[in-house]
Every structure is written in C-alpha cells, then in structure tokens.
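Chemist: Contents of query.tsv (TSV, C-alpha atoms) are below:
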```
chain	number	residue	atom	x	y	z
T	1	MET	CA	41.19	-96.78	88.62
T	2	THR	CA	39.57	-100.21	88.94
T	3	LYS	CA	37.02	-98.87	91.43
T	4	THR	CA	36.17	-96.02	89.10
T	5	ALA	CA	35.65	-98.44	86.21
T	6	ALA	CA	33.47	-100.66	88.39
T	7	VAL	CA	31.30	-97.72	89.47
T	8	ALA	CA	30.97	-96.57	85.85
T	9	ALA	CA	29.97	-100.08	84.81
T	10	LEU	CA	27.35	-100.26	87.54
T	11	CYS	CA	25.93	-96.91	86.47
T	12	LEU	CA	25.65	-98.15	82.90
T	13	LEU	CA	23.94	-101.32	84.02
T	14	ALA	CA	21.35	-99.29	85.89
T	15	LEU	CA	20.22	-97.50	82.74
T	16	PRO	CA	17.05	-98.77	81.10
T	17	ALA	CA	17.25	-100.34	77.68
T	18	MET	CA	16.25	-97.23	75.81
T	19	ALA	CA	18.05	-97.79	72.57
T	20	HIS	CA	14.99	-97.74	70.39
T	21	PRO	CA	12.29	-95.49	71.80
T	22	GLY	CA	9.72	-94.04	69.45
T	23	HIS	CA	11.20	-91.26	67.42
T	24	GLY	CA	7.91	-89.75	66.32
T	25	ASP	CA	8.16	-87.69	63.17
T	26	SER	CA	11.67	-86.45	63.80
T	27	VAL	CA	13.71	-88.44	61.32
T	28	GLY	CA	16.17	-85.83	60.13
T	29	PHE	CA	19.89	-85.37	60.55
T	30	LEU	CA	19.70	-84.36	64.23
T	31	ALA	CA	17.53	-87.35	65.15
T	32	GLY	CA	19.98	-89.64	63.38
T	33	PHE	CA	22.96	-87.93	64.99
T	34	ALA	CA	21.46	-88.18	68.49
T	35	HIS	CA	20.41	-91.81	68.24
T	36	PRO	CA	23.83	-93.47	68.77
T	37	PHE	CA	24.36	-91.31	71.86
T	38	THR	CA	20.91	-91.94	73.37
T	39	GLY	CA	20.66	-95.67	72.65
T	40	ILE	CA	22.78	-97.38	75.29
T	41	ASP	CA	23.34	-100.53	73.24
T	42	HIS	CA	24.49	-98.55	70.21
T	43	LEU	CA	26.66	-96.28	72.31
T	44	LEU	CA	28.37	-99.18	74.06
T	45	ALA	CA	28.80	-101.25	70.91
T	46	MET	CA	30.41	-98.45	68.92
T	47	LEU	CA	32.70	-97.42	71.75
T	48	GLY	CA	33.51	-101.10	72.26
T	49	VAL	CA	34.37	-101.71	68.61
T	50	GLY	CA	36.62	-98.65	68.75
T	51	LEU	CA	38.24	-99.82	71.99
T	52	TRP	CA	38.89	-103.26	70.56
T	53	GLY	CA	40.42	-101.84	67.38
T	54	GLY	CA	42.59	-99.46	69.39
T	55	GLN	CA	43.62	-102.25	71.73
T	56	GLN	CA	44.78	-104.31	68.74
T	57	ARG	CA	46.50	-101.29	67.17
T	58	ARG	CA	45.31	-102.29	63.73
T	59	SER	CA	44.66	-100.15	60.67
T	60	LEU	CA	41.55	-98.05	60.19
T	61	ALA	CA	40.04	-100.86	58.11
T	62	GLN	CA	37.98	-102.12	61.05
T	63	PRO	CA	36.12	-98.86	61.78
T	64	ALA	CA	35.75	-98.20	58.04
T	65	THR	CA	34.25	-101.68	57.64
T	66	PHE	CA	31.90	-100.99	60.52
T	67	LEU	CA	30.65	-97.75	58.97
T	68	GLY	CA	30.29	-99.24	55.49
T	69	MET	CA	28.41	-102.30	56.68
T	70	MET	CA	26.25	-100.17	58.95
T	71	LEU	CA	25.23	-98.14	55.91
T	72	LEU	CA	24.32	-101.36	54.05
T	73	GLY	CA	22.28	-102.53	57.04
T	74	ALA	CA	20.55	-99.15	57.20
T	75	LEU	CA	19.65	-99.29	53.53
T	76	ALA	CA	18.20	-102.77	54.06
T	77	GLY	CA	16.21	-101.47	57.05
T	78	MET	CA	14.95	-98.50	55.06
T	79	ALA	CA	13.83	-100.93	52.36
T	80	GLY	CA	11.74	-102.80	54.94
T	81	LEU	CA	14.02	-105.79	55.60
T	82	THR	CA	13.59	-106.84	59.21
T	83	VAL	CA	15.82	-109.24	61.08
T	84	PRO	CA	14.20	-111.56	63.65
T	85	GLY	CA	15.61	-111.10	67.15
T	86	LEU	CA	17.35	-107.89	66.14
T	87	GLU	CA	17.24	-106.25	69.57
T	88	THR	CA	18.70	-109.30	71.30
T	89	GLY	CA	21.31	-109.59	68.57
T	90	ILE	CA	22.34	-105.98	69.03
T	91	ALA	CA	22.67	-106.49	72.77
T	92	ALA	CA	24.74	-109.60	72.05
T	93	THR	CA	27.15	-107.49	70.00
T	94	VAL	CA	27.84	-105.41	73.11
T	95	ALA	CA	28.58	-108.55	75.13
T	96	LEU	CA	30.75	-110.08	72.41
T	97	VAL	CA	32.85	-107.00	71.76
T	98	GLY	CA	33.27	-106.62	75.52
T	99	LEU	CA	34.47	-110.21	75.72
T	100	ALA	CA	36.92	-109.59	72.88
T	101	ILE	CA	38.33	-106.60	74.79
T	102	ALA	CA	38.44	-108.43	78.12
T	103	LEU	CA	40.35	-111.31	76.54
T	104	ALA	CA	42.50	-108.97	74.42
T	105	LEU	CA	41.40	-111.18	71.53
T	106	ALA	CA	43.77	-110.78	68.61
T	107	LEU	CA	42.01	-112.18	65.56
T	108	PRO	CA	43.44	-112.03	62.05
T	109	ASN	CA	42.49	-108.66	60.58
T	110	TRP	CA	40.06	-110.17	58.03
T	111	LEU	CA	38.23	-112.09	60.74
T	112	GLY	CA	37.97	-109.05	63.01
T	113	MET	CA	36.60	-107.03	60.10
T	114	LEU	CA	34.09	-109.78	59.31
T	115	LEU	CA	32.95	-109.86	62.92
T	116	VAL	CA	32.48	-106.10	63.26
T	117	GLY	CA	30.85	-106.08	59.81
T	118	VAL	CA	28.16	-108.48	61.05
T	119	PHE	CA	27.72	-106.34	64.18
T	120	ALA	CA	27.38	-103.26	62.00
T	121	LEU	CA	24.75	-104.83	59.75
T	122	ALA	CA	22.54	-105.39	62.79
T	123	HIS	CA	23.04	-101.88	64.15
T	124	GLY	CA	22.51	-100.31	60.74
T	125	ASN	CA	19.36	-102.33	60.13
T	126	ALA	CA	17.86	-101.08	63.39
T	127	HIS	CA	18.80	-97.49	62.53
T	128	GLY	CA	17.36	-97.82	59.03
T	129	GLN	CA	14.06	-99.17	60.31
T	130	GLU	CA	13.64	-96.45	62.91
T	131	LEU	CA	15.06	-93.47	61.06
T	132	PRO	CA	14.26	-94.18	57.40
T	133	ALA	CA	15.55	-90.93	55.90
T	134	ALA	CA	18.82	-90.23	54.10
T	135	SER	CA	19.48	-87.21	56.33
T	136	ALA	CA	19.07	-89.38	59.44
T	137	ALA	CA	21.51	-91.92	57.97
T	138	CYS	CA	24.07	-89.16	57.50
T	139	GLY	CA	23.55	-88.13	61.13
T	140	PHE	CA	23.95	-91.58	62.65
T	141	LEU	CA	26.94	-92.38	60.46
T	142	LEU	CA	28.70	-89.21	61.60
T	143	ALA	CA	27.89	-89.88	65.26
T	144	SER	CA	28.99	-93.50	64.88
T	145	ALA	CA	32.29	-92.42	63.33
T	146	MET	CA	32.87	-90.09	66.26
T	147	LEU	CA	32.15	-92.85	68.78
T	148	LEU	CA	34.38	-95.33	66.94
T	149	CYS	CA	37.22	-92.79	66.90
T	150	ALA	CA	36.77	-91.95	70.57
T	151	GLY	CA	36.83	-95.64	71.47
T	152	ARG	CA	39.84	-96.26	69.25
T	153	PHE	CA	41.76	-93.41	70.86
T	154	ALA	CA	40.91	-94.70	74.34
T	155	GLY	CA	41.90	-98.22	73.31
T	156	GLN	CA	45.32	-96.96	72.26
T	157	VAL	CA	46.08	-94.89	75.35
T	158	LEU	CA	44.52	-96.83	78.23
T	159	ALA	CA	46.52	-99.43	80.12
T	160	GLY	CA	45.84	-103.06	79.27
T	161	ARG	CA	44.32	-103.80	82.67
T	162	VAL	CA	41.92	-100.86	82.43
T	163	LEU	CA	40.88	-102.01	78.96
T	164	ARG	CA	40.20	-105.51	80.24
T	165	VAL	CA	38.04	-104.14	83.06
T	166	ALA	CA	36.17	-102.04	80.51
T	167	GLY	CA	35.70	-105.20	78.45
T	168	VAL	CA	34.24	-107.05	81.43
T	169	ALA	CA	31.90	-104.10	82.06
T	170	LEU	CA	30.78	-104.10	78.42
T	171	THR	CA	30.18	-107.84	78.54
T	172	ALA	CA	28.07	-107.48	81.70
T	173	ALA	CA	26.12	-104.59	80.16
T	174	GLY	CA	25.47	-106.64	77.03
T	175	VAL	CA	24.21	-109.60	79.07
T	176	VAL	CA	21.87	-107.30	81.02
T	177	LEU	CA	20.61	-105.74	77.77
T	178	MET	CA	19.95	-109.21	76.34
T	179	GLY	CA	17.84	-109.99	79.40
T	180	VAL	CA	15.84	-106.78	78.98
T	181	ASN	CA	15.08	-107.42	75.30
```
Take the structure from the file and write it as structure tokens.

Modeler:
Amino acid sequence: MTKTAAVAALCLLALPAMAHPGHGDSVGFLAGFAHPFTGIDHLLAMLGVGLWGGQQRRSLAQPATFLGMMLLGALAGMAGLTVPGLETGIAATVALVGLAIALALALPNWLGMLLVGVFALAHGNAHGQELPAASAACGFLLASAMLLCAGRFAGQVLAGRVLRVAGVALTAAGVVLMGVN
C-alpha cells in the first residue's frame, strides 16, 4: 500500500501546475463544475481538507465552513478583489493541509474551522476571478462539496498510516506547486 501511495504521489508531482488556465468565454455551470477537478491545486486541497476532517472524525462543520467561506471568497473575486500572491497561497494550502494530515494534527474544532475557512477564502477568490458568473459558482461549489465528501469518506476509512503517507504526498505536492507559481 505504501508503494502504491508513493507512486500516486509521484504521478501527481509530475503534473503541470494547470489550476488556472484560461477559461475563454465558457463561464457557466459546467466550466465551474469542471474547474475543481482540472486544477490540481484545487483538487488536492479539497480532497485534503476532506481527508483531514475525516481523519479527525469531527462534525460536518468543517466542510460546511469551507464551502461557505469559499462562496464569500468567490463573491469577493467576482467583485474584483484580488489577493496578492494568491497562486502561491493556494499552493501553500495544499502543503499545510497535507502537513496537518501527516501529523494527524488535532486542533480544537474552532481553530480547524478557522484554518480551512482561510484556505477556502483563497480558493474561492481564485474561482470568482476566473469564473465570474453565478452559474459557475454553483458548479464549483457542487464539485467542491463532492470532493470534500470523497476526502472525508476516505479519511474515515483509510488506516492511519496510509493517511499519513497521503499527507506527506500532499505536502510534497504543495511545495512543488509553490515552486511552480
């Protein structure tokens, strides 16, 4: 199992940082829905937040906080608010959530929600800038909810050692993505 996780991590690291390619004029529901699956940093961050929440076996408040704060970030992005260093910050969220998983970090619930809320603001802001349509927001929120749930389920059923290896892989991927941005 460890070898499989290592190979999967290496495959992820080999992918280009393609989280925010030009989306052209397609800014509808399907473009929004596809974006979290096609942007490696968004995909890894949302799966990672879900994994971490599942690992901690906490309430659904953490994923709900993520989705709510991502919507606020998206609205800010749609309104033209830009955050300096956003791409690097998003990549850092992947590394940090990976580190939290690798260390099986058990923060108080309010602090974990605050942390993922900040992560979500950054991700939402990027989505809102790139896909500034309400229909796109509905699409990326639905896709994000699916990824959070998938990660949460995996975090609840995978063995602790496998989760920690996944956390190390996420941390490495985040560090590589920070170097690319």

Chemist: I need the residue nearest Ala34 (chain T) from this list: T:Gly124, T:Gly139, T:Pro84, T:Pro63. Use all atoms listed in the file for the distance.

Modeler: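 The closest residue to Ala34 (chain T) is T:Gly139.
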
Chemist: Please report the interatomic distance between CA of Gly89 (chain T) and CA of Gly48 (chain T) in Å with one decimal.

Modeler: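 Those two atoms sit 15.3 Å apart.
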
Chemist: Name the closest residue to Ala31 (chain T) among the candidates T:Val94, T:Ala102, T:Ala64, T:Ala133; distances are taken between atoms, counting only C-alpha atoms.

Modeler: T:Ala133

Chemist: Which residues are near Ala126 (chain T)? Cut-off 12 Å, only C-alpha atoms, ignore same chain within fewer than 4 positions. Put them as a PyMOL selection string.

Modeler: chain T and resi 19-21+32+35-36+39+41-42+70-91+119-122+130-132+137+140

Chemist: Taking the point (31.5, -96.2, 69.4) as given in the file, collect each protein or nucleic acid residue that comes within 8 Å of it, counting all atoms listed in the file, and present the set as a ChimeraX atom specification.

Modeler: /T:42-50,144-151

Chemist: What is the CA of Ala159 (chain T)-CA of Leu141 (chain T) distance in Å, reported with one decimal?

Modeler: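 These atoms are spaced 28.6 Å apart.
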
Chemist: Closest to Gln156 (chain T) among T:Gly117, T:Gly112, T:Gly53, T:Gly68, using all atoms listed in the file?

Modeler: T:Gly53

Chemist: Could you work out how far CA of Ala166 (chain T) lies from CA of Ala95 (chain T), giving the answer in Å with one decimal?

Modeler: 11.4 Å

Chemist: Give me the box for region 72-76 of chain T as lines of an AutoDock Vina configuration file, namely the centre and edge lengths in Å to one decimal of a box along x, y and z that holds every listed atom plus 5 Å on each side.

Modeler:
```
center_x = 21.3
center_y = -101.0
center_z = 55.4
size_x = 16.1
size_y = 13.6
size_z = 13.7
```

Chemist: Name all residues at most 12 Å from Pro108 (chain T) (count only C-alpha atoms; drop same-chain ones fewer than 6 positions away) and give them as a ChimeraX atom specification.

Modeler: /T:53,56,58,62,114-115

Chemist: Return the single residue from T:Leu105, T:Val27, T:Leu51, T:Val118 that is closest to Leu158 (chain T), with distances computed using only C-alpha atoms.

Modeler: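 Nearest candidate to Leu158 (chain T) out of T:Leu105, T:Val27, T:Leu51, T:Val118: T:Leu51.
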
Chemist: For region 147-171 of chain T, supply N, CA, C and O atoms and format the output as a PDB file, in the coordinates of the input.

Modeler:
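Output (selection_20.pdb):
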```
ATOM      1  N   LEU T 147      32.057 -91.896  67.681  1.00  0.00           N
ATOM      2  CA  LEU T 147      32.150 -92.850  68.780  1.00  0.00           C
ATOM      3  C   LEU T 147      33.239 -93.896  68.512  1.00  0.00           C
ATOM      4  O   LEU T 147      33.990 -94.268  69.427  1.00  0.00           O
ATOM      5  N   LEU T 148      33.326 -94.366  67.289  1.00  0.00           N
ATOM      6  CA  LEU T 148      34.380 -95.330  66.940  1.00  0.00           C
ATOM      7  C   LEU T 148      35.760 -94.711  67.145  1.00  0.00           C
ATOM      8  O   LEU T 148      36.661 -95.355  67.688  1.00  0.00           O
ATOM      9  N   CYS T 149      35.927 -93.465  66.721  1.00  0.00           N
ATOM     10  CA  CYS T 149      37.220 -92.790  66.900  1.00  0.00           C
ATOM     11  C   CYS T 149      37.545 -92.554  68.365  1.00  0.00           C
ATOM     12  O   CYS T 149      38.693 -92.735  68.789  1.00  0.00           O
ATOM     13  N   ALA T 150      36.547 -92.156  69.143  1.00  0.00           N
ATOM     14  CA  ALA T 150      36.770 -91.950  70.570  1.00  0.00           C
ATOM     15  C   ALA T 150      37.176 -93.259  71.245  1.00  0.00           C
ATOM     16  O   ALA T 150      38.119 -93.297  72.055  1.00  0.00           O
ATOM     17  N   GLY T 151      36.478 -94.340  70.915  1.00  0.00           N
ATOM     18  CA  GLY T 151      36.830 -95.640  71.470  1.00  0.00           C
ATOM     19  C   GLY T 151      38.212 -96.087  71.034  1.00  0.00           C
ATOM     20  O   GLY T 151      38.998 -96.612  71.819  1.00  0.00           O
ATOM     21  N   ARG T 152      38.528 -95.870  69.773  1.00  0.00           N
ATOM     22  CA  ARG T 152      39.840 -96.260  69.250  1.00  0.00           C
ATOM     23  C   ARG T 152      40.956 -95.512  69.976  1.00  0.00           C
ATOM     24  O   ARG T 152      41.965 -96.098  70.362  1.00  0.00           O
ATOM     25  N   PHE T 153      40.758 -94.198  70.147  1.00  0.00           N
ATOM     26  CA  PHE T 153      41.760 -93.410  70.860  1.00  0.00           C
ATOM     27  C   PHE T 153      41.947 -93.942  72.281  1.00  0.00           C
ATOM     28  O   PHE T 153      43.073 -94.142  72.737  1.00  0.00           O
ATOM     29  N   ALA T 154      40.834 -94.171  72.972  1.00  0.00           N
ATOM     30  CA  ALA T 154      40.910 -94.700  74.340  1.00  0.00           C
ATOM     31  C   ALA T 154      41.583 -96.061  74.349  1.00  0.00           C
ATOM     32  O   ALA T 154      42.393 -96.360  75.244  1.00  0.00           O
ATOM     33  N   GLY T 155      41.293 -96.897  73.377  1.00  0.00           N
ATOM     34  CA  GLY T 155      41.900 -98.220  73.310  1.00  0.00           C
ATOM     35  C   GLY T 155      43.401 -98.174  73.096  1.00  0.00           C
ATOM     36  O   GLY T 155      44.116 -99.089  73.481  1.00  0.00           O
ATOM     37  N   GLN T 156      43.884 -97.091  72.495  1.00  0.00           N
ATOM     38  CA  GLN T 156      45.320 -96.960  72.260  1.00  0.00           C
ATOM     39  C   GLN T 156      46.061 -96.364  73.449  1.00  0.00           C
ATOM     40  O   GLN T 156      47.249 -96.613  73.612  1.00  0.00           O
ATOM     41  N   VAL T 157      45.368 -95.578  74.271  1.00  0.00           N
ATOM     42  CA  VAL T 157      46.080 -94.890  75.350  1.00  0.00           C
ATOM     43  C   VAL T 157      45.857 -95.502  76.738  1.00  0.00           C
ATOM     44  O   VAL T 157      46.657 -95.272  77.636  1.00  0.00           O
ATOM     45  N   LEU T 158      44.785 -96.254  76.916  1.00  0.00           N
ATOM     46  CA  LEU T 158      44.520 -96.830  78.230  1.00  0.00           C
ATOM     47  C   LEU T 158      45.405 -98.052  78.482  1.00  0.00           C
ATOM     48  O   LEU T 158      45.771 -98.770  77.549  1.00  0.00           O
ATOM     49  N   ALA T 159      45.722 -98.266  79.738  1.00  0.00           N
ATOM     50  CA  ALA T 159      46.520 -99.430  80.120  1.00  0.00           C
ATOM     51  C   ALA T 159      45.736-100.708  79.855  1.00  0.00           C
ATOM     52  O   ALA T 159      44.501-100.729  79.893  1.00  0.00           O
ATOM     53  N   GLY T 160      46.465-101.782  79.588  1.00  0.00           N
ATOM     54  CA  GLY T 160      45.840-103.060  79.270  1.00  0.00           C
ATOM     55  C   GLY T 160      44.859-103.534  80.327  1.00  0.00           C
ATOM     56  O   GLY T 160      43.789-104.051  80.011  1.00  0.00           O
ATOM     57  N   ARG T 161      45.200-103.351  81.590  1.00  0.00           N
ATOM     58  CA  ARG T 161      44.320-103.800  82.670  1.00  0.00           C
ATOM     59  C   ARG T 161      43.020-102.994  82.699  1.00  0.00           C
ATOM     60  O   ARG T 161      41.947-103.547  82.907  1.00  0.00           O
ATOM     61  N   VAL T 162      43.111-101.711  82.462  1.00  0.00           N
ATOM     62  CA  VAL T 162      41.920-100.860  82.430  1.00  0.00           C
ATOM     63  C   VAL T 162      41.029-101.268  81.256  1.00  0.00           C
ATOM     64  O   VAL T 162      39.802-101.345  81.389  1.00  0.00           O
ATOM     65  N   LEU T 163      41.644-101.553  80.123  1.00  0.00           N
ATOM     66  CA  LEU T 163      40.880-102.010  78.960  1.00  0.00           C
ATOM     67  C   LEU T 163      40.152-103.314  79.255  1.00  0.00           C
ATOM     68  O   LEU T 163      38.999-103.495  78.887  1.00  0.00           O
ATOM     69  N   ARG T 164      40.830-104.224  79.922  1.00  0.00           N
ATOM     70  CA  ARG T 164      40.200-105.510  80.240  1.00  0.00           C
ATOM     71  C   ARG T 164      39.027-105.330  81.190  1.00  0.00           C
ATOM     72  O   ARG T 164      37.993-105.986  81.045  1.00  0.00           O
ATOM     73  N   VAL T 165      39.156-104.425  82.145  1.00  0.00           N
ATOM     74  CA  VAL T 165      38.040-104.140  83.060  1.00  0.00           C
ATOM     75  C   VAL T 165      36.889-103.522  82.271  1.00  0.00           C
ATOM     76  O   VAL T 165      35.729-103.872  82.478  1.00  0.00           O
ATOM     77  N   ALA T 166      37.205-102.628  81.355  1.00  0.00           N
ATOM     78  CA  ALA T 166      36.170-102.040  80.510  1.00  0.00           C
ATOM     79  C   ALA T 166      35.487-103.130  79.679  1.00  0.00           C
ATOM     80  O   ALA T 166      34.267-103.109  79.494  1.00  0.00           O
ATOM     81  N   GLY T 167      36.271-104.087  79.203  1.00  0.00           N
ATOM     82  CA  GLY T 167      35.700-105.200  78.450  1.00  0.00           C
ATOM     83  C   GLY T 167      34.749-106.036  79.288  1.00  0.00           C
ATOM     84  O   GLY T 167      33.669-106.420  78.824  1.00  0.00           O
ATOM     85  N   VAL T 168      35.127-106.294  80.519  1.00  0.00           N
ATOM     86  CA  VAL T 168      34.240-107.050  81.430  1.00  0.00           C
ATOM     87  C   VAL T 168      32.953-106.253  81.662  1.00  0.00           C
ATOM     88  O   VAL T 168      31.858-106.818  81.651  1.00  0.00           O
ATOM     89  N   ALA T 169      33.081-104.938  81.844  1.00  0.00           N
ATOM     90  CA  ALA T 169      31.900-104.100  82.060  1.00  0.00           C
ATOM     91  C   ALA T 169      30.991-104.109  80.830  1.00  0.00           C
ATOM     92  O   ALA T 169      29.760-104.203  80.964  1.00  0.00           O
ATOM     93  N   LEU T 170      31.579-104.039  79.649  1.00  0.00           N
ATOM     94  CA  LEU T 170      30.780-104.100  78.420  1.00  0.00           C
ATOM     95  C   LEU T 170      30.075-105.447  78.289  1.00  0.00           C
ATOM     96  O   LEU T 170      28.911-105.517  77.898  1.00  0.00           O
ATOM     97  N   THR T 171      30.791-106.505  78.614  1.00  0.00           N
ATOM     98  CA  THR T 171      30.180-107.840  78.540  1.00  0.00           C
ATOM     99  C   THR T 171      28.993-107.930  79.497  1.00  0.00           C
ATOM    100  O   THR T 171      27.915-108.405  79.120  1.00  0.00           O
TER     101      THR T 171
END
```
